[in-house]
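**Q** I am attaching a structure below and will ask some questions about it afterwards.
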Amino acid sequence: MKKDENAGGKWYDQFSKKRTVEKGGKKTEFKPGPKKSFDTPQKVRLETVPFEKDARFVGKSALFDFEKLPEDSVKALENFDSIVQGVCPMNTRQINKLPKDILELSHQLTDQRENRRMGYMNAKEEFSAYLRYFTWWNLVRLTRVFSNLPENAFDLQDGDVCIDLGTGPLTVVTALWLSRPELRNKKLTWYCVDLSPNSMSVGEEIYLSVAAKVRPSDQNAPSNWNIIRIKGEPGVSIKEKAAFISSANMFNELAQKSNLKPDELAKKQFQIFKSYSCERTGYFIAEPGMPTAAHFVSLMRDQMIQDGFHIVSPCPHMEKCPMSGLHARYGGTAKWCNFSFTTEKAPAKLLKLSVAAKLPKDRAVISFVYGRLGFVQNASERADKKTDLSLRIASDGLKLPGYRTGFYACSNMGLVLAVGKDAGAMASGDCIQLNLTKKSENLQKDKKSGAKIVRF
């Protein structure tokens, strides 16, 4: 009987090729030493690296603080579906089909936008899906933005005129009524401009229903603002001059059918805004948080600054936009300015509808800019010292060595990578106030983005 060649050894040794090493002219079998761990020692080493600060943390303010939203408005948002049902009732069959209609419209608004009909807001099923889902989400976004603007953000007085371009179902008007209780007491006239009369008509009924539930604090104030609907596009004749002009989710659709380059389109639209303006006007522009839309918002911001506007929000500076999104959709390195907040405090029924439509949302995203002529920042919000630095966080958290978190942010120094020991408590949109302890020219740079690194 032949002796087993592998006797005395492990059975799987026959499948392993033994490595040899040459030592002193003789070849001997290589025997590996104890396996080294590359995880634990590295983590310990990084954790013990001293954290050299470049700035002292002074404070922060949120861009999307849910607590700033009035309680009566929260309740109205939670039951927005009931308000819409009261204006545009649907039967059981239509309600059951709603998630499918929402998903189909979502494709038209995103990956199939090139094939979308421009008159989709006049189609019954598409408009219903837009109203009961996209308008609801837009209200959630805009009310968060409006309610967190500075106390003196608006300079609106009794008798003032406001204009909302591409108004759709009056989303901006309704959001502003919900967000700013002090404005409910003002006697305002809104010129709402859109190509879809049906959308405006339904939107006015919804706004009036909301205003009937969410009342002005002054009993002597009008029960609602005066709404004047105008069928047309931006540039339609309006004889009165406006103290506030807005547009939301309009320019990304306008660009779809325009042959103009983005900068040319921005200049043209800014001139239209100017034709409606008075000497103390404010411009609010909001678009989806995607590269092309964010780039257009940045171009409109440039036009505002050139024309003497103060950027009220979200920019903490008046310098060139470091997150313009230029060529981002083509793989360019420029980041685009967009902000997001988590949706756990969004209306429960809206979140449930999102899941049913196979469009679950864990965060809401927006790109926007608000500029105003004659705006004076409150003393408490100004950076009075030359060493003070304001950063607006414009990214999700980035995991960095040493168990630390960083965020890309914009500042008057340009793009910044902000790194804090307790930065995990920061969120997109937060405005961070710092006191630099190091000269800006001595700050290190992030190799990936070229952003200056500020540790605090």
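Residue numbering restarts at 1 for every chain of the structure tokens, chains are lettered A, B, ... in their displayed order, and ligands are numbered from 1 as they appear.
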When DSSP works through the backbone of this structure, what residues of stretch 338-422 of chain A end up as helix (DSSP H, G or I), shown as a PyMOL selection string?

**A** chain A and resi 348-356+379-381

**Q** Those selected residues, please, written with N, CA, C and O atoms and delivered as a PDB file, in the first residue's frame.

**A**
ATOM      1  N   ALA A 348     -46.799  63.391   7.408  1.00  0.00           N
ATOM      2  CA  ALA A 348     -46.777  61.918   7.372  1.00  0.00           C
ATOM      3  C   ALA A 348     -47.520  61.378   6.156  1.00  0.00           C
ATOM      4  O   ALA A 348     -47.077  60.407   5.519  1.00  0.00           O
ATOM      5  N   LYS A 349     -48.634  62.007   5.807  1.00  0.00           N
ATOM      6  CA  LYS A 349     -49.410  61.523   4.660  1.00  0.00           C
ATOM      7  C   LYS A 349     -48.679  61.753   3.340  1.00  0.00           C
ATOM      8  O   LYS A 349     -48.822  60.966   2.397  1.00  0.00           O
ATOM      9  N   LEU A 350     -47.880  62.804   3.285  1.00  0.00           N
ATOM     10  CA  LEU A 350     -47.093  63.064   2.079  1.00  0.00           C
ATOM     11  C   LEU A 350     -45.974  62.033   1.943  1.00  0.00           C
ATOM     12  O   LEU A 350     -45.697  61.545   0.846  1.00  0.00           O
ATOM     13  N   LEU A 351     -45.337  61.689   3.045  1.00  0.00           N
ATOM     14  CA  LEU A 351     -44.296  60.663   3.019  1.00  0.00           C
ATOM     15  C   LEU A 351     -44.879  59.310   2.604  1.00  0.00           C
ATOM     16  O   LEU A 351     -44.253  58.556   1.851  1.00  0.00           O
ATOM     17  N   LYS A 352     -46.073  59.017   3.104  1.00  0.00           N
ATOM     18  CA  LYS A 352     -46.736  57.763   2.745  1.00  0.00           C
ATOM     19  C   LYS A 352     -47.085  57.738   1.259  1.00  0.00           C
ATOM     20  O   LYS A 352     -46.913  56.705   0.585  1.00  0.00           O
ATOM     21  N   LEU A 353     -47.531  58.865   0.734  1.00  0.00           N
ATOM     22  CA  LEU A 353     -47.850  58.960  -0.691  1.00  0.00           C
ATOM     23  C   LEU A 353     -46.579  58.799  -1.530  1.00  0.00           C
ATOM     24  O   LEU A 353     -46.608  58.175  -2.598  1.00  0.00           O
ATOM     25  N   SER A 354     -45.483  59.331  -1.059  1.00  0.00           N
ATOM     26  CA  SER A 354     -44.211  59.202  -1.767  1.00  0.00           C
ATOM     27  C   SER A 354     -43.800  57.737  -1.893  1.00  0.00           C
ATOM     28  O   SER A 354     -43.344  57.293  -2.952  1.00  0.00           O
ATOM     29  N   VAL A 355     -43.966  57.002  -0.816  1.00  0.00           N
ATOM     30  CA  VAL A 355     -43.636  55.580  -0.837  1.00  0.00           C
ATOM     31  C   VAL A 355     -44.555  54.830  -1.795  1.00  0.00           C
ATOM     32  O   VAL A 355     -44.111  53.974  -2.565  1.00  0.00           O
ATOM     33  N   ALA A 356     -45.844  55.160  -1.756  1.00  0.00           N
ATOM     34  CA  ALA A 356     -46.810  54.496  -2.633  1.00  0.00           C
ATOM     35  C   ALA A 356     -46.489  54.756  -4.106  1.00  0.00           C
ATOM     36  O   ALA A 356     -46.707  53.887  -4.959  1.00  0.00           O
ATOM     37  N   ALA A 379     -27.547  93.990  13.041  1.00  0.00           N
ATOM     38  CA  ALA A 379     -26.219  94.041  13.659  1.00  0.00           C
ATOM     39  C   ALA A 379     -25.816  92.690  14.233  1.00  0.00           C
ATOM     40  O   ALA A 379     -24.650  92.296  14.175  1.00  0.00           O
ATOM     41  N   SER A 380     -26.778  91.955  14.767  1.00  0.00           N
ATOM     42  CA  SER A 380     -26.475  90.655  15.379  1.00  0.00           C
ATOM     43  C   SER A 380     -26.044  89.620  14.356  1.00  0.00           C
ATOM     44  O   SER A 380     -25.451  88.606  14.694  1.00  0.00           O
ATOM     45  N   GLU A 381     -26.352  89.865  13.072  1.00  0.00           N
ATOM     46  CA  GLU A 381     -26.028  88.901  12.030  1.00  0.00           C
ATOM     47  C   GLU A 381     -24.808  89.313  11.215  1.00  0.00           C
ATOM     48  O   GLU A 381     -24.370  88.589  10.336  1.00  0.00           O
TER      49      GLU A 381
END

**Q** Neighbours of A:Ile432 within 6 Å (only C-alpha atoms; same-chain residues fewer than 5 positions away dropped), as a list in words?

**A** Lys60, Ser390 and Leu391 of chain A

**Q** Residues of stretch 183-289 of chain A classed as strand (DSSP E) by DSSP on the backbone are to be reported as a PyMOL selection string.

**A** chain A and resi 189-194+226-231+242-248+277-287

**Q** I want to know what sits within 9 Å of A:Ser61, based on only C-alpha atoms, with residues of the same chain fewer than 4 positions away left out; could you give that as a VMD selection string?

**A** chain A and resid 65 429 to 433

**Q** Could you state the separation of atom CA of A:Asn91 and atom CA of A:Asn79 in Å, given to one decimal place?

**A** 18.0 Å

**Q** Between A:Phe284, A:Glu441, A:Leu77, A:Gly308, which one has atoms that come closest to A:Ser246, using only C-alpha atoms?

**A**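 For A:Ser246, the nearest of the candidates is A:Phe284.
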
**Q** Tell me, as a list of chain:residue names, which residues lie within 7 Å of A:Ala55, counting only C-alpha atoms; anything in the same chain fewer than 6 positions away does not count.

**A**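 In the requested format, the answer is A:Leu434, A:Asn435, A:Leu436, A:Thr437, A:Lys438, A:Val454, A:Arg455, A:Phe456.
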
**Q** For a test of reading the model, state the distance in Å between atom CA of A:Ser367 and atom CA of A:Pro181, rounded to one decimal.

**A**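 One can read the atom CA of A:Ser367 to atom CA of A:Pro181 distance as 23.9 Å.
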
**Q** For A:Leu195, which residue among A:Gln444, A:Gln108, A:Gln303, A:Thr167 is the nearest when counting only C-alpha atoms?

**A**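 Looking at the shortest contact to A:Leu195, the residue is A:Thr167.
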
**Q** Identify, on the basis of only C-alpha atoms, every residue whose closest approach to stretch 150-159 of chain A does not exceed 10 Å; exclude the query and any residue fewer than 2 positions from it along the same chain; express the result as number ranges by chain.

**A** A: 146-148, 161-162, 180, 182-183, 185-189, 221, 242-244, 280-282, 312-313, 370-378, 381

**Q** Just the residues within 8 Å of stretch 127-141 of chain A, please, counting only C-alpha atoms, with nothing from its chain fewer than 5 positions along; format it as a compact mmCIF listing (two decimals) with all heavy atoms, in the first residue's frame.

**A**
# COMPACT_ATOMS: atom_id res chain seq x y z
N LEU A 77 -50.18 72.33 6.51
CA LEU A 77 -49.36 71.51 5.62
C LEU A 77 -49.64 70.03 5.81
O LEU A 77 -49.67 69.27 4.84
CB LEU A 77 -47.88 71.80 5.88
CG LEU A 77 -47.31 73.07 5.26
CD1 LEU A 77 -45.88 73.30 5.74
CD2 LEU A 77 -47.34 73.00 3.74
N PHE A 80 -52.81 69.21 3.87
CA PHE A 80 -52.94 69.85 2.57
C PHE A 80 -53.74 68.99 1.60
O PHE A 80 -54.47 69.51 0.75
CB PHE A 80 -51.55 70.14 1.99
CG PHE A 80 -51.57 70.86 0.68
CD1 PHE A 80 -51.94 72.20 0.62
CD2 PHE A 80 -51.25 70.21 -0.51
CE1 PHE A 80 -51.97 72.88 -0.59
CE2 PHE A 80 -51.27 70.88 -1.72
CZ PHE A 80 -51.64 72.22 -1.77
N ASP A 81 -53.63 67.68 1.72
CA ASP A 81 -54.40 66.80 0.83
C ASP A 81 -55.90 67.00 1.00
O ASP A 81 -56.67 66.95 0.03
CB ASP A 81 -54.02 65.34 1.07
CG ASP A 81 -54.27 64.90 2.50
OD1 ASP A 81 -54.20 65.74 3.42
OD2 ASP A 81 -54.54 63.70 2.71
N VAL A 84 -56.89 70.24 -0.78
CA VAL A 84 -56.97 70.03 -2.23
C VAL A 84 -58.22 69.23 -2.58
O VAL A 84 -58.91 69.55 -3.57
CB VAL A 84 -55.71 69.30 -2.74
CG1 VAL A 84 -55.85 68.96 -4.23
CG2 VAL A 84 -54.47 70.15 -2.52
N LEU A 98 -53.68 57.42 -8.29
CA LEU A 98 -52.82 58.59 -8.10
C LEU A 98 -51.32 58.26 -8.01
O LEU A 98 -50.52 58.93 -8.67
CB LEU A 98 -53.27 59.37 -6.87
CG LEU A 98 -52.51 60.66 -6.55
CD1 LEU A 98 -52.64 61.65 -7.70
CD2 LEU A 98 -53.03 61.28 -5.25
N ASP A 101 -49.92 57.82 -11.45
CA ASP A 101 -49.87 59.08 -12.18
C ASP A 101 -48.71 59.94 -11.70
O ASP A 101 -48.05 60.63 -12.50
CB ASP A 101 -51.19 59.84 -12.01
CG ASP A 101 -52.37 59.14 -12.66
OD1 ASP A 101 -52.13 58.33 -13.57
OD2 ASP A 101 -53.52 59.41 -12.25
N ILE A 102 -48.45 59.92 -10.41
CA ILE A 102 -47.34 60.70 -9.84
C ILE A 102 -46.01 60.20 -10.37
O ILE A 102 -45.14 60.99 -10.78
CB ILE A 102 -47.37 60.63 -8.30
CG1 ILE A 102 -48.59 61.38 -7.75
CG2 ILE A 102 -46.08 61.18 -7.70
CD1 ILE A 102 -48.82 61.18 -6.27
N LEU A 105 -45.57 61.22 -14.03
CA LEU A 105 -45.25 62.64 -14.16
C LEU A 105 -43.83 62.92 -13.68
O LEU A 105 -43.13 63.77 -14.24
CB LEU A 105 -46.25 63.49 -13.37
CG LEU A 105 -46.04 65.00 -13.44
CD1 LEU A 105 -46.06 65.49 -14.89
CD2 LEU A 105 -47.11 65.74 -12.63
N TYR A 120 -48.48 70.40 -19.98
CA TYR A 120 -48.88 69.29 -19.10
C TYR A 120 -49.74 69.76 -17.92
O TYR A 120 -50.53 69.00 -17.37
CB TYR A 120 -47.65 68.53 -18.59
CG TYR A 120 -46.82 69.28 -17.58
CD1 TYR A 120 -46.99 69.07 -16.22
CD2 TYR A 120 -45.85 70.20 -17.99
CE1 TYR A 120 -46.23 69.75 -15.30
CE2 TYR A 120 -45.09 70.87 -17.08
CZ TYR A 120 -45.27 70.65 -15.73
OH TYR A 120 -44.51 71.34 -14.81
N MET A 121 -49.62 71.03 -17.55
CA MET A 121 -50.40 71.53 -16.42
C MET A 121 -51.89 71.68 -16.76
O MET A 121 -52.71 71.90 -15.88
CB MET A 121 -49.84 72.88 -15.94
CG MET A 121 -48.47 72.77 -15.30
SD MET A 121 -48.52 72.01 -13.67
CE MET A 121 -48.87 73.42 -12.66
N ASN A 122 -52.22 71.59 -18.03
CA ASN A 122 -53.62 71.67 -18.45
C ASN A 122 -54.27 70.30 -18.59
O ASN A 122 -55.48 70.20 -18.77
CB ASN A 122 -53.74 72.43 -19.77
CG ASN A 122 -53.45 73.92 -19.61
OD1 ASN A 122 -53.90 74.53 -18.64
ND2 ASN A 122 -52.71 74.49 -20.54
N PRO A 169 -49.97 76.77 -9.56
CA PRO A 169 -51.09 76.82 -8.62
C PRO A 169 -50.79 77.72 -7.41
O PRO A 169 -51.09 77.37 -6.28
CB PRO A 169 -51.26 75.35 -8.20
CG PRO A 169 -49.91 74.76 -8.33
CD PRO A 169 -49.23 75.48 -9.48
N THR A 171 -48.09 78.51 -5.73
CA THR A 171 -47.32 77.85 -4.67
C THR A 171 -46.56 78.86 -3.81
O THR A 171 -46.55 78.76 -2.59
CB THR A 171 -46.34 76.83 -5.27
OG1 THR A 171 -47.04 76.00 -6.20
CG2 THR A 171 -45.73 75.96 -4.19
N VAL A 172 -45.89 79.82 -4.46
CA VAL A 172 -45.12 80.82 -3.71
C VAL A 172 -46.04 81.66 -2.83
O VAL A 172 -45.73 81.92 -1.66
CB VAL A 172 -44.32 81.72 -4.67
CG1 VAL A 172 -43.74 82.92 -3.92
CG2 VAL A 172 -43.20 80.93 -5.33
N THR A 174 -48.98 80.91 -1.55
CA THR A 174 -49.47 80.10 -0.42
C THR A 174 -48.37 79.86 0.60
O THR A 174 -48.59 79.95 1.81
CB THR A 174 -50.03 78.76 -0.93
OG1 THR A 174 -51.05 79.01 -1.91
CG2 THR A 174 -50.61 77.94 0.21
N ALA A 175 -47.15 79.56 0.11
CA ALA A 175 -46.03 79.30 1.01
C ALA A 175 -45.67 80.53 1.84
O ALA A 175 -45.37 80.43 3.03
CB ALA A 175 -44.82 78.83 0.22
N SER A 199 -54.60 76.15 -13.88
CA SER A 199 -53.68 76.01 -12.75
C SER A 199 -53.81 77.19 -11.80
O SER A 199 -53.86 77.02 -10.57
CB SER A 199 -52.25 75.90 -13.26
OG SER A 199 -51.34 75.83 -12.19
N ALA A 346 -41.60 66.14 7.71
CA ALA A 346 -42.54 66.43 6.63
C ALA A 346 -43.88 65.77 6.95
O ALA A 346 -43.95 64.84 7.77
CB ALA A 346 -42.00 65.90 5.30
N LEU A 350 -47.88 62.80 3.28
CA LEU A 350 -47.09 63.06 2.08
C LEU A 350 -45.97 62.03 1.94
O LEU A 350 -45.70 61.54 0.85
CB LEU A 350 -46.51 64.47 2.13
CG LEU A 350 -45.60 64.89 0.97
CD1 LEU A 350 -46.30 64.72 -0.37
CD2 LEU A 350 -45.12 66.32 1.16
N LEU A 353 -47.53 58.86 0.73
CA LEU A 353 -47.85 58.96 -0.69
C LEU A 353 -46.58 58.80 -1.53
O LEU A 353 -46.61 58.18 -2.60
CB LEU A 353 -48.52 60.30 -0.99
CG LEU A 353 -48.94 60.57 -2.43
CD1 LEU A 353 -49.92 59.51 -2.93
CD2 LEU A 353 -49.56 61.97 -2.57
N SER A 354 -45.48 59.33 -1.06
CA SER A 354 -44.21 59.20 -1.77
C SER A 354 -43.80 57.74 -1.89
O SER A 354 -43.34 57.29 -2.95
CB SER A 354 -43.12 59.99 -1.05
OG SER A 354 -43.41 61.37 -1.02
N ALA A 364 -35.22 66.69 1.26
CA ALA A 364 -35.74 67.61 0.25
C ALA A 364 -34.63 68.57 -0.14
O ALA A 364 -33.88 69.04 0.72
CB ALA A 364 -36.94 68.38 0.81
N VAL A 365 -34.51 68.86 -1.43
CA VAL A 365 -33.38 69.64 -1.95
C VAL A 365 -33.91 70.87 -2.69
O VAL A 365 -34.95 70.82 -3.35
CB VAL A 365 -32.52 68.78 -2.91
CG1 VAL A 365 -31.29 69.55 -3.36
CG2 VAL A 365 -32.13 67.47 -2.25
N ILE A 366 -33.15 71.97 -2.59
CA ILE A 366 -33.56 73.20 -3.28
C ILE A 366 -32.34 74.06 -3.56
O ILE A 366 -31.35 74.04 -2.81
CB ILE A 366 -34.58 73.99 -2.42
CG1 ILE A 366 -35.17 75.16 -3.22
CG2 ILE A 366 -33.94 74.48 -1.12
CD1 ILE A 366 -36.33 75.86 -2.51

**Q** Rank A:Gly168, A:Pro216, A:Pro347, A:Pro89 by their smallest atom-to-atom distance to A:Lys75, using only C-alpha atoms, and report the top residue only.

**A**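 For A:Lys75, the nearest of the given residues is A:Pro347.
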